[in-house]
Amino acid sequence: MSQPPAEHADVADPAHVAAVLAVAADAAPVAGPTVVVAIDGRSGSGKTMLGTAVADALGCPIVHLDDIFPGWDGLSAGVHLVTEQVLEPLARGGSAAYRRWDWMRSRPGRTIDVAASAHLVLEGCGALVPPALQHAAVRVWVEAPDAVRRRRALSRDGDVYAPHWQRWAVQEDAVYESVRPWQQAHLVLSTGLR
């Protein structure tokens, strides 16, 4: 199911939030007791705003893959880390924890606990690629035009991200090439078009 584009880039489109919540309301857990709402898309597409709004509406924890990726070359590794440290423990019915990546020091930082809950929002590049994909009860792909995505990402992260934009895009291409998560999504949401 595809939804029309969001009008404003600074907040999640309420219609998009409602669409995700509607799918989540009917979803059953895929592994264990937690309904994992996975929101994926390329950098700057609007995943974080949508994921935060959905988690707030569901009253559930949210895990941002940006907090887990081990550095600028860590997209694929981050997907494996979130699966091992968060998704698999929750699937076993327990709580989970992960080491938050300290981007300024380029090393693992403090431990973040993730409480067991009826729902979990997993947001970030790679949320809909294996092995994380096997835990996703609700699959959402967010897209936006390349120029909009770049403008958003650089305005959010500025000079820190600018030299890594292409480096990160190459990793996105690699992880999405064989999986094509937009084809497996329950919802494809477009943002940044007017």
# chains A, B, ... in the order shown; residues from 1 in each chain; ligands from 1

call {"tool": "residues_around", "arguments": {"residues": "Gly109 (chain A)", "least_positions_apart": "3", "cutoff": "12 Å", "atoms": "only C-alpha atoms", "output": "list in words"}}
result
Asp67, Ile68, Phe69, Pro70, Gly71, Tyr98, Arg99, Arg100, Trp101, Asp102, Trp103, Met104, Arg105, Ser106 and Ile112 of chain A

call {"tool": "write_last_selection", "arguments": {"atoms": "all heavy atoms", "output": "CSV table (one decimal), in the first residue's frame"}}
result
chain,number,residue,atom,x,y,z
A,67,ASP,N,22.0,5.0,16.5
A,67,ASP,CA,22.7,4.8,17.8
A,67,ASP,C,23.5,3.6,17.9
A,67,ASP,O,24.3,3.4,18.9
A,67,ASP,CB,21.6,4.8,18.9
A,67,ASP,CG,21.0,6.1,19.1
A,67,ASP,OD1,21.5,7.2,18.6
A,67,ASP,OD2,19.9,6.2,19.8
A,68,ILE,N,23.4,2.7,17.0
A,68,ILE,CA,24.0,1.4,17.0
A,68,ILE,C,25.1,1.2,16.0
A,68,ILE,O,26.1,0.5,16.2
A,68,ILE,CB,23.0,0.2,16.9
A,68,ILE,CG1,22.0,0.3,18.1
A,68,ILE,CG2,23.6,-1.1,16.8
A,68,ILE,CD1,20.9,-0.6,18.0
A,69,PHE,N,25.0,1.8,14.8
A,69,PHE,CA,26.0,1.6,13.8
A,69,PHE,C,27.4,1.9,14.3
A,69,PHE,O,27.6,3.0,14.9
A,69,PHE,CB,25.8,2.6,12.6
A,69,PHE,CG,24.5,2.4,11.9
A,69,PHE,CD1,23.6,3.5,11.6
A,69,PHE,CD2,24.1,1.2,11.4
A,69,PHE,CE1,22.5,3.4,10.9
A,69,PHE,CE2,22.9,1.0,10.7
A,69,PHE,CZ,22.1,2.1,10.5
A,70,PRO,N,28.3,1.0,14.2
A,70,PRO,CA,29.7,1.2,14.7
A,70,PRO,C,30.5,2.0,13.7
A,70,PRO,O,31.4,1.5,13.0
A,70,PRO,CB,30.2,-0.2,14.9
A,70,PRO,CG,29.5,-1.0,13.8
A,70,PRO,CD,28.1,-0.4,13.7
A,71,GLY,N,30.2,3.3,13.6
A,71,GLY,CA,31.0,4.2,12.7
A,71,GLY,C,30.4,4.3,11.3
A,71,GLY,O,29.4,3.7,10.9
A,98,TYR,N,21.8,-2.4,24.4
A,98,TYR,CA,22.8,-2.3,23.4
A,98,TYR,C,23.7,-1.2,23.8
A,98,TYR,O,23.4,-0.3,24.6
A,98,TYR,CB,22.1,-2.0,22.0
A,98,TYR,CG,21.4,-0.7,21.9
A,98,TYR,CD1,22.0,0.5,21.6
A,98,TYR,CD2,20.0,-0.7,22.2
A,98,TYR,CE1,21.2,1.7,21.5
A,98,TYR,CE2,19.3,0.5,22.2
A,98,TYR,CZ,19.9,1.7,21.8
A,98,TYR,OH,19.2,2.8,21.8
A,99,ARG,N,24.9,-1.2,23.2
A,99,ARG,CA,25.9,-0.2,23.4
A,99,ARG,C,25.7,0.9,22.4
A,99,ARG,O,25.7,0.7,21.2
A,99,ARG,CB,27.3,-0.7,23.3
A,99,ARG,CG,27.8,-1.7,24.3
A,99,ARG,CD,28.0,-1.1,25.7
A,99,ARG,NE,29.0,-0.1,25.7
A,99,ARG,CZ,30.3,-0.3,25.9
A,99,ARG,NH1,30.8,-1.6,26.0
A,99,ARG,NH2,31.2,0.7,25.9
A,100,ARG,N,25.4,2.1,22.9
A,100,ARG,CA,25.2,3.3,22.0
A,100,ARG,C,26.5,3.7,21.4
A,100,ARG,O,27.5,3.9,22.2
A,100,ARG,CB,24.5,4.4,22.7
A,100,ARG,CG,24.2,5.6,21.9
A,100,ARG,CD,23.4,6.6,22.6
A,100,ARG,NE,23.0,7.6,21.7
A,100,ARG,CZ,22.2,8.6,22.0
A,100,ARG,NH1,21.7,8.7,23.2
A,100,ARG,NH2,21.8,9.5,21.0
A,101,TRP,N,26.6,3.9,20.1
A,101,TRP,CA,27.8,4.3,19.5
A,101,TRP,C,28.1,5.8,19.8
A,101,TRP,O,27.2,6.7,19.6
A,101,TRP,CB,27.8,4.1,18.0
A,101,TRP,CG,29.1,4.4,17.3
A,101,TRP,CD1,29.4,5.5,16.6
A,101,TRP,CD2,30.3,3.6,17.3
A,101,TRP,NE1,30.7,5.4,16.1
A,101,TRP,CE2,31.3,4.3,16.6
A,101,TRP,CE3,30.6,2.4,17.9
A,101,TRP,CZ2,32.5,3.8,16.4
A,101,TRP,CZ3,31.9,1.9,17.7
A,101,TRP,CH2,32.8,2.6,17.0
A,102,ASP,N,29.3,6.1,20.3
A,102,ASP,CA,29.7,7.5,20.5
A,102,ASP,C,30.4,8.0,19.3
A,102,ASP,O,31.5,7.7,19.0
A,102,ASP,CB,30.7,7.5,21.7
A,102,ASP,CG,31.1,8.9,22.1
A,102,ASP,OD1,31.1,9.8,21.3
A,102,ASP,OD2,31.5,9.1,23.3
A,103,TRP,N,29.6,8.8,18.5
A,103,TRP,CA,30.1,9.3,17.2
A,103,TRP,C,31.2,10.3,17.3
A,103,TRP,O,32.1,10.4,16.5
A,103,TRP,CB,28.9,9.9,16.4
A,103,TRP,CG,28.0,8.9,15.9
A,103,TRP,CD1,26.9,8.4,16.5
A,103,TRP,CD2,28.1,8.1,14.7
A,103,TRP,NE1,26.3,7.4,15.8
A,103,TRP,CE2,27.0,7.2,14.6
A,103,TRP,CE3,29.0,8.1,13.6
A,103,TRP,CZ2,26.8,6.3,13.6
A,103,TRP,CZ3,28.8,7.2,12.6
A,103,TRP,CH2,27.7,6.4,12.5
A,104,MET,N,31.3,11.0,18.4
A,104,MET,CA,32.3,12.0,18.6
A,104,MET,C,33.7,11.3,18.9
A,104,MET,O,34.7,11.8,18.5
A,104,MET,CB,32.0,13.0,19.7
A,104,MET,CG,30.7,13.8,19.4
A,104,MET,SD,30.8,14.7,17.8
A,104,MET,CE,32.0,15.9,18.2
A,105,ARG,N,33.6,10.2,19.7
A,105,ARG,CA,34.9,9.5,20.1
A,105,ARG,C,35.1,8.3,19.2
A,105,ARG,O,36.2,7.6,19.4
A,105,ARG,CB,34.8,9.1,21.5
A,105,ARG,CG,34.8,10.3,22.5
A,105,ARG,CD,34.8,9.8,23.9
A,105,ARG,NE,34.9,10.9,24.9
A,105,ARG,CZ,33.9,11.5,25.4
A,105,ARG,NH1,32.6,11.2,25.1
A,105,ARG,NH2,34.1,12.5,26.2
A,106,SER,N,34.2,8.0,18.3
A,106,SER,CA,34.3,6.8,17.4
A,106,SER,C,34.6,5.5,18.2
A,106,SER,O,35.5,4.8,17.8
A,106,SER,CB,35.4,7.1,16.4
A,106,SER,OG,35.3,6.2,15.3
A,112,ILE,N,22.3,1.2,26.7
A,112,ILE,CA,20.9,1.6,26.7
A,112,ILE,C,20.1,0.4,26.9
A,112,ILE,O,20.2,-0.6,26.1
A,112,ILE,CB,20.6,2.3,25.3
A,112,ILE,CG1,21.5,3.4,25.0
A,112,ILE,CG2,19.1,2.7,25.3
A,112,ILE,CD1,21.5,4.6,25.9

call {"tool": "residues_around", "arguments": {"residues": "Asp73 (chain A)", "least_positions_apart": "2", "cutoff": "10 Å", "atoms": "only C-alpha atoms", "output": "CSV table (one decimal) with C-alpha atoms, in the first residue's frame"}}
result
chain,number,residue,atom,x,y,z
A,69,PHE,CA,26.0,1.6,13.8
A,70,PRO,CA,29.7,1.2,14.7
A,71,GLY,CA,31.0,4.2,12.7
A,75,LEU,CA,25.6,0.0,8.3
A,76,SER,CA,25.7,-3.8,7.7
A,77,ALA,CA,27.3,-4.5,11.1
A,78,GLY,CA,24.7,-2.3,12.8
A,164,HIS,CA,30.5,10.9,4.6
A,167,ARG,CA,30.4,6.8,1.6
A,168,TRP,CA,27.1,6.1,3.4
A,170,VAL,CA,27.4,3.3,-1.2
A,171,GLN,CA,26.6,1.2,1.9

call {"tool": "select_by_dssp", "arguments": {"residues": "region 24-183 of chain A", "states": "alpha helix (DSSP H)", "output": "PyMOL selection string"}}
result
chain A and resi 24-26+47-58+75-82+88-91+146-161+165-179+181-183

call {"tool": "select_by_dssp", "arguments": {"residues": "region 60-188 of chain A", "states": "strand (DSSP E)", "output": "PyMOL selection string"}}
result
chain A and resi 62-64+96-102+107-114+119-123+136-143+187-188

call {"tool": "closest_atom_pairs", "arguments": {"of": "region 54-131 of chain A", "to": "region 173-183 of chain A", "cutoff": "10 Å", "atoms": "only C-alpha atoms", "output": "CSV"}}
result
residue,atom,partner,partner_atom,distance
A:Leu75,CA,A:Val175,CA,8.2
A:Ser76,CA,A:Val175,CA,6.9
A:Val79,CA,A:Val175,CA,9.9
A:Cys125,CA,A:Val175,CA,9.1
A:Gly126,CA,A:Val175,CA,7.2
A:Ala127,CA,A:Pro181,CA,9.0
A:Leu128,CA,A:Pro181,CA,5.8
A:Val129,CA,A:Val179,CA,6.4
A:Pro130,CA,A:Val179,CA,8.2

call {"tool": "write_last_selection", "arguments": {"atoms": "N, CA and C atoms", "output": "mmCIF file, in the first residue's frame"}}
result
data_model
loop_
_atom_site.group_PDB
_atom_site.id
_atom_site.type_symbol
_atom_site.label_atom_id
_atom_site.label_comp_id
_atom_site.auth_asym_id
_atom_site.auth_seq_id
_atom_site.Cartn_x
_atom_site.Cartn_y
_atom_site.Cartn_z
ATOM 1 N N LEU A 75 27.052 0.228 8.540
ATOM 2 C CA LEU A 75 25.636 -0.018 8.288
ATOM 3 C C LEU A 75 25.292 -1.505 8.404
ATOM 4 N N SER A 76 25.960 -2.343 7.691
ATOM 5 C CA SER A 76 25.672 -3.776 7.734
ATOM 6 C C SER A 76 25.920 -4.357 9.123
ATOM 7 N N VAL A 79 23.063 -3.655 11.581
ATOM 8 C CA VAL A 79 21.886 -4.508 11.436
ATOM 9 C C VAL A 79 22.078 -5.801 12.219
ATOM 10 N N CYS A 125 18.271 3.034 8.660
ATOM 11 C CA CYS A 125 18.739 2.334 7.468
ATOM 12 C C CYS A 125 19.065 0.892 7.827
ATOM 13 N N GLY A 126 18.466 -0.035 7.135
ATOM 14 C CA GLY A 126 18.724 -1.450 7.370
ATOM 15 C C GLY A 126 17.699 -2.137 8.245
ATOM 16 N N ALA A 127 16.684 -1.440 8.720
ATOM 17 C CA ALA A 127 15.681 -2.069 9.583
ATOM 18 C C ALA A 127 14.902 -3.165 8.855
ATOM 19 N N LEU A 128 14.884 -3.109 7.521
ATOM 20 C CA LEU A 128 14.155 -4.108 6.733
ATOM 21 C C LEU A 128 15.074 -4.992 5.894
ATOM 22 N N VAL A 129 16.282 -5.227 6.393
ATOM 23 C CA VAL A 129 17.180 -6.164 5.715
ATOM 24 C C VAL A 129 17.538 -7.280 6.692
ATOM 25 N N PRO A 130 17.828 -8.478 6.188
ATOM 26 C CA PRO A 130 18.213 -9.573 7.068
ATOM 27 C C PRO A 130 19.486 -9.241 7.844
#

call {"tool": "residues_around", "arguments": {"residues": "region 26-43 of chain A", "least_positions_apart": "6", "cutoff": "6 Å", "atoms": "only C-alpha atoms", "output": "number ranges by chain"}}
result
A: 91-92, 118-125, 127-128, 135-143
